[in-house]
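Engineer: Before I ask anything, let me first share the structure, which is written out below as structure tokens.
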Amino acid sequence: MSVVEGVLSPAKFLNRQALYLRPDPARVVVRPFKPATEPRDLNATDKTRANHIVDRVLALDPETAASQLADVLENFQGRHRNLLAVFEARADEMEDAFAAHATFTREQRRLVGAYFLLEYSFEAAALFNPSIVPHLDQSGAPPGGRRFILSLRAVGEGHVSSLTFRSGSIAADGNVIVDSSARLASIPKLKNRASGSHGDHVELVFSPDGDISERVIFPVTAAQSNGIEDARFVKFDAGDEHIFYATYTAYNGRAIRSELIETRDFLSFRMSLLAGTAAKNKGMALFPRRIGGHYAMIARQDNENLYLIYSDDLYTWNGGVAILKPKFPWEFVQIGNCGSPIELDEGWLMFTHGVGPVRKYSIGAVLLDKTDPSKVLARAREPVVRPEAFEREGYVPNVVYTCGAMRHNDQIILPYAVSDTFSNFATLKIAALLNMLDG
């Protein structure tokens, strides 16, 4: 997918790339199907119904069972990687339903696994709220350019949100190319579920086979059951190594909380609960390095203003000081962050979102002091990005939104969502952007 010529905004420094990433209902994964008589946690299954299904499969004679399995494979094998192994893995998870039954043949076991799976079109409804970080592998980057990894919030049936990825490259002049997404997609294996000194966490691992765009992280805990929303990825400088962190919102259909995901390779992921008074809301964004020896975060724990908070252990966030409040008409309803601050020579550049009349979302910017980010050095009086006429229609009209930008040379690469439906890219000249900020 390549870029068409961008359109300059009236501010003359914002170049919309017209590179549209739209939801594709043809991209599907197989997920566990758990027959249940009433809503329970994600691991609950009605064992009576499950045993009834197993009984029916066992009642098939061997030839019919083999024929049924062959028919399933003929219908679905081209849509998923290693489908027989997926059936077997699902059967392994169903041991409690097998215990009351006689010995299974291999075909029967695989067929039972197939009955406890379903296809899910994970981005059928929306593909939005992106964030961007440098790619781990810069081989193949264009001269003077850079490769990147893009995270996106995908929404499918039931408005369940998951986390998916794309890769791409930025040319020296700022033009963006997003690699084509893989035809297949898959969810990771649950490697570990444990409680530790910093609360509950889960560890997930993907097969190294295939492209990064095949990897989809679905809710795996009760707190996430209705969605993993708005991941704000950042490459964190940990001294002798770099780690990728992302804060995200876990939603169970009734309540929200902030959680943290971390990875070094985008193959293995650890998801942890964040604790403290500041973690009870959404929209937290981590600074890309420690400040004064402490982890630092921008958060919006009161639904209206932005706070600076610190932590000594990365997982517990309390208190904080309000550093930014609604000031201009386009943000009178509320403000929030749009991803992790970006370090410049002049200070910390932070993109914000503001909500104005008729719940119109726009993107603004502020400059924070590099040593003491509680000090606001400059602020945009007008939005940097606002919904244009061709961007106003979608699942949630009149919204532009981002979960994180990235610096490349003298430009900012800003992926952003349009009306909670699809995503686009813009580039901004840093010098011109700073000139529009008022002290």
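Ordering of the structure tokens sets the chain letters (A, B, ...); residue numbers start at 1 within each chain; ligands are numbered from 1 in the order shown.
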If you count only C-alpha atoms, which residues fall within 10 Å of stretch 294-307 of chain A, apart from same-chain ones fewer than 3 positions away, as a PyMOL selection string?
Structural biologist: chain A and resi 247+277-291+310-315+317-326+331-341+350+352+354-355+373-374
Engineer: For stretch 317-411 of chain A versus stretch 144-149 of chain A, which residues have an atom no more than 12 Å away, and what is each residue's nearest atom pair and distance in Å rounded to one decimal, using only C-alpha atoms, chain-then-number order, as a Markdown table?
Structural biologist:
| residue | atom | partner | partner_atom | distance |
| --- | --- | --- | --- | --- |
| A:Gly404 | CA | A:Ile149 | CA | 11.6 |
| A:Ala405 | CA | A:Phe148 | CA | 11.0 |
| A:Met406 | CA | A:Phe148 | CA | 9.2 |
| A:Arg407 | CA | A:Arg146 | CA | 10.4 |
| A:His408 | CA | A:Arg146 | CA | 7.8 |
| A:Asn409 | CA | A:Gly145 | CA | 8.9 |
| A:Asp410 | CA | A:Gly145 | CA | 11.9 |
| A:Gln411 | CA | A:Gly145 | CA | 11.6 |
Engineer: A:Lys429, A:His135, A:Arg49, A:Arg110: which is nearest A:Leu83, counting only C-alpha atoms?
Structural biologist: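 For A:Leu83, the nearest of the candidates is A:Arg110.
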Engineer: If we count only C-alpha atoms, what is near A:Tyr401 at a cut-off of 8 Å, once residues fewer than 3 positions away on the same chain are taken out, given as number ranges by chain?
Structural biologist: A: 129, 338, 353, 361-363, 416-418
Engineer: Keeping only C-alpha atoms, write the selected residues to a file as a PDB file, in the first residue's frame.
Structural biologist:
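Dumped everything to result.pdb:
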ATOM      1  CA  ASN A 129      -6.731   4.330  17.777  1.00  0.00           C
ATOM      2  CA  CYS A 338      -2.787  11.047  22.937  1.00  0.00           C
ATOM      3  CA  HIS A 353      -7.190  15.276  22.682  1.00  0.00           C
ATOM      4  CA  TYR A 361     -12.776  15.312  19.266  1.00  0.00           C
ATOM      5  CA  SER A 362      -9.655  17.153  18.077  1.00  0.00           C
ATOM      6  CA  ILE A 363      -5.921  16.657  18.630  1.00  0.00           C
ATOM      7  CA  TYR A 416      -4.599   8.762  13.894  1.00  0.00           C
ATOM      8  CA  ALA A 417      -8.082   7.265  13.914  1.00  0.00           C
ATOM      9  CA  VAL A 418     -11.070   8.645  12.060  1.00  0.00           C
TER      10      VAL A 418
END
Engineer: Residues of stretch 57-289 of chain A classed as helix (DSSP H, G or I) by DSSP on the backbone are to be reported as a ChimeraX atom specification.
Structural biologist: /A:57-58,62-79,83-93,95-98,106-115,157-159,212-214,222-224,277-280
Engineer: Between stretch 215-334 of chain A and stretch 150-164 of chain A, at 8 Å or less, what are the per-residue closest atom pairs and their distances in Å? Count only C-alpha atoms, order by chain and rising residue number, and return it as a Markdown table.
Structural biologist:
| residue | atom | partner | partner_atom | distance |
| --- | --- | --- | --- | --- |
| A:Arg215 | CA | A:Thr164 | CA | 6.1 |
| A:Val216 | CA | A:Thr164 | CA | 4.7 |
| A:Ile217 | CA | A:Leu163 | CA | 5.0 |
| A:Phe218 | CA | A:Ser162 | CA | 4.9 |
| A:Pro219 | CA | A:Ser162 | CA | 6.8 |
| A:Ser225 | CA | A:Val160 | CA | 7.9 |
| A:Asn226 | CA | A:Val160 | CA | 5.1 |
| A:Gly227 | CA | A:Ser161 | CA | 4.2 |
| A:Ile228 | CA | A:Ser162 | CA | 5.2 |
| A:Glu229 | CA | A:Ser161 | CA | 6.0 |
| A:Asp230 | CA | A:Arg153 | CA | 6.1 |
| A:Ala231 | CA | A:Ser151 | CA | 7.3 |
| A:Phe233 | CA | A:Ser151 | CA | 7.5 |
Engineer: Next, dump the selected residues to file, keeping only C-alpha atoms, as a tab-separated table (two decimals), in the first residue's frame.
Structural biologist:
chain	number	residue	atom	x	y	z
A	215	ARG	CA	-0.81	-11.55	15.78
A	216	VAL	CA	-4.02	-10.66	17.59
A	217	ILE	CA	-4.27	-10.32	21.37
A	218	PHE	CA	-7.78	-11.02	22.67
A	219	PRO	CA	-9.15	-10.58	26.19
A	225	SER	CA	-13.73	-9.66	28.86
A	226	ASN	CA	-15.31	-6.90	26.76
A	227	GLY	CA	-12.14	-5.39	25.44
A	228	ILE	CA	-8.47	-4.49	25.40
A	229	GLU	CA	-8.73	-0.85	24.39
A	230	ASP	CA	-6.42	1.93	23.22
A	231	ALA	CA	-2.92	0.57	23.77
A	233	PHE	CA	2.96	1.74	23.05
Engineer: With distances taken over only C-alpha atoms, which of A:Phe422, A:Tyr20, A:Phe76, A:Tyr115 is nearest to A:Glu88?
Structural biologist: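 Closest candidate: A:Tyr115.
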Engineer: Tell me, in Å to one decimal, how far atom CA of A:Tyr251 is from atom CA of A:Gly168.
Structural biologist: 29.4 Å
